[in-house]
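Colleague: The structure under discussion is supplied below as structure tokens; questions concerning it will follow.
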Amino acid sequence: MDSLSIDADIKKARTLTSDFYTDPAWFDLSKEKIFARSWQFLCHLDEVADLKPVMLLPEMLGEPLLLSRDNDSFRCLSNVCTHRGKILVEEPGRAKLIRCGYHGRRFSLDGCFLSMPEFEGVEEFPSEADDLRLIPFAEWLGFGFAALEPAAPFGDFADDVMSVIGEIQTEGLKLTSTREYEVDAHWALYCENYLEGFHIPYVHHSLNAIVDYGSYTTETFRYSVLQTGLSAAREEIAARYLFVFPNLMFNFYPWGISVNVVRPVSPAKTIVEFLTYVRDESLIESSAGADLHGVEMEDEAVVESVQRGIRSRFYSHGRYSPTREQGTHHFHRLIAEFLG
């Protein structure tokens, strides 16, 4: 594999070469160098009673985690018993402690070892190794996030862009639907498509009638990209599309928030999880997020076509539009940085 390098000057830069999307070695390297080091979406924290098991990126990292809640204090723990490795909590629910169903080892909600039957006389026991591993955890907009080995604090991923967005109304959000899409394309190709509005007039005719393409803007931050579309009918924001590297998408609409989690499966397959949180249903019909499924189908068609095209012997890389593909350029530079 050659090293990845993307010129900082978008007018000189060339895109990632096609082998990044087709070579399994790059995909495997991304697991530890990108995804284990980045912040991943867990859930809305209102969904946590006392204990909620979460599998972190099931198809890529497959790490069993456990969200625990003690009053209004949240922690993220390893969901693996320190005795013999059994998954501790299989279903969400209420509990005052964590008890392994295999041999009865018990832990407090903060992950500290409490007791273990039939271990009298065991030397140097218990030790710190018998506690559950505490996983780096962050709260943001009422959502929970975790990172196995974070490259930077969560604030570095979100604070700079939020200073531009300002306050987001999160009260009253209700999870109204969840849906998974299986896309026959590389995870990064899916993200690249999200990161530019360049294709809207050509691919999304219904969306183009709602969003004013001429005033569409893209802003880049340290680990994120923000796109803003004004309403074609009124001078107000129709949608804000926030991408947090490497695979999280937060779509802010007048009616609420749609969260997309991009889950890599293989170099040619990706699962995208859609979670829709609604605050005001009466605003959905006339907004940019009225037909999320229809827009998704249009996106998948072009992304899957690109996946087939990049395998051609006649394609190796492309160039960027300086006015429309700043987000994709920034994304590629972050990939090169993390894999460097």
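Just remember, in the structure tokens the first chain shown is A, the second B, etc., residues are 1-based per chain, and ligands are 1-based in the order shown.
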Would you pick out the contacts of Leu292 (chain A) at 10 Å or less, using only C-alpha atoms, so that residues sharing its chain but fewer than 4 positions from it are not included, and give the list as an NGL selection string?
Modeller: :A and (207 or 258 or 274 or 276 or 288 or 296-297)
Colleague: Within 9 Å of region 16-29 of chain A, which residues of region 255-289 of chain A show up? Give each one with its shortest atom-to-atom distance in Å (one decimal) and the two atoms involved, counting only C-alpha atoms, rows by chain then rising residue number, as CSV.
Modeller:
```
residue,atom,partner,partner_atom,distance
A:Pro264,CA,A:Phe27,CA,8.8
A:Ser266,CA,A:Phe27,CA,7.2
A:Pro267,CA,A:Thr22,CA,5.9
A:Ala268,CA,A:Thr22,CA,7.4
```
Colleague: Might you pull out every residue within 12 Å of Glu171 (chain A), with only C-alpha atoms counted and same-chain residues fewer than 6 positions away left off, and present them as a PyMOL selection string?
Modeller: chain A and resi 46+141-142+255-257+277-280
Colleague: For Leu173 (chain A), which of A:Glu120, A:Asp212, A:Glu281, A:Asp2 is the closest residue, counting only C-alpha atoms?
Modeller: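 Using only C-alpha atoms, the shortest distance to Leu173 (chain A) belongs to A:Glu281.
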Colleague: Just list the residues in region 190-220 of chain A DSSP gives alpha helix (DSSP H) on the backbone, as an MDAnalysis selection string.
Modeller: chainID A and resid 190:194 200:203 205:210
Colleague: Atoms to include: C-alpha atoms. Write the selected residues as a PDB file, in the first residue's frame.
Modeller:
```
ATOM      1  CA  TYR A 190     -21.272   7.031   1.298  1.00  0.00           C
ATOM      2  CA  CYS A 191     -19.826   9.764   3.527  1.00  0.00           C
ATOM      3  CA  GLU A 192     -18.335  11.662   0.583  1.00  0.00           C
ATOM      4  CA  ASN A 193     -21.740  11.874  -1.048  1.00  0.00           C
ATOM      5  CA  TYR A 194     -23.201  13.302   2.162  1.00  0.00           C
ATOM      6  CA  ILE A 200     -28.511  17.970  -5.267  1.00  0.00           C
ATOM      7  CA  PRO A 201     -29.780  19.536  -8.546  1.00  0.00           C
ATOM      8  CA  TYR A 202     -28.829  16.412 -10.487  1.00  0.00           C
ATOM      9  CA  VAL A 203     -29.907  13.664  -8.089  1.00  0.00           C
ATOM     10  CA  HIS A 205     -35.130  16.929  -7.696  1.00  0.00           C
ATOM     11  CA  SER A 206     -37.708  17.095  -4.896  1.00  0.00           C
ATOM     12  CA  LEU A 207     -35.118  18.279  -2.364  1.00  0.00           C
ATOM     13  CA  ASN A 208     -33.797  20.822  -4.852  1.00  0.00           C
ATOM     14  CA  ALA A 209     -37.257  22.403  -4.971  1.00  0.00           C
ATOM     15  CA  ILE A 210     -37.128  22.996  -1.198  1.00  0.00           C
TER      16      ILE A 210
END
```
Colleague: List the spatial neighbours of Leu88 (chain A) as a ChimeraX atom specification - criterion: any atom at most 7 Å away, only C-alpha atoms, same-chain residues fewer than 5 positions off excluded.
Modeller: /A:79-81,99-100
Colleague: Based on DSSP run over this structure's backbone, return all residues of region 267-299 of chain A in strand (DSSP E), as a list in words.
Modeller: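 The strand (DSSP E) subset of region 267-299 of chain A is Lys269, Thr270, Ile271, Val272, Glu273, Phe274, Leu275, Thr276, Tyr277 and Val278 of chain A.
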Colleague: Kindly save the residues from that selection, with C-alpha atoms included, as an mmCIF file, in the first residue's frame.
Modeller:
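result-v6.cif, written as the output of this step:
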```
data_model
loop_
_atom_site.group_PDB
_atom_site.id
_atom_site.type_symbol
_atom_site.label_atom_id
_atom_site.label_comp_id
_atom_site.auth_asym_id
_atom_site.auth_seq_id
_atom_site.Cartn_x
_atom_site.Cartn_y
_atom_site.Cartn_z
ATOM 1 C CA LYS A 269 -20.757 -3.047 1.866
ATOM 2 C CA THR A 270 -22.020 -0.554 4.432
ATOM 3 C CA ILE A 271 -24.974 -0.417 6.799
ATOM 4 C CA VAL A 272 -26.482 3.000 7.475
ATOM 5 C CA GLU A 273 -28.684 3.355 10.534
ATOM 6 C CA PHE A 274 -31.307 6.120 10.496
ATOM 7 C CA LEU A 275 -32.731 7.333 13.820
ATOM 8 C CA THR A 276 -35.450 9.967 13.605
ATOM 9 C CA TYR A 277 -36.120 12.196 16.609
ATOM 10 C CA VAL A 278 -39.201 14.401 16.189
#
```
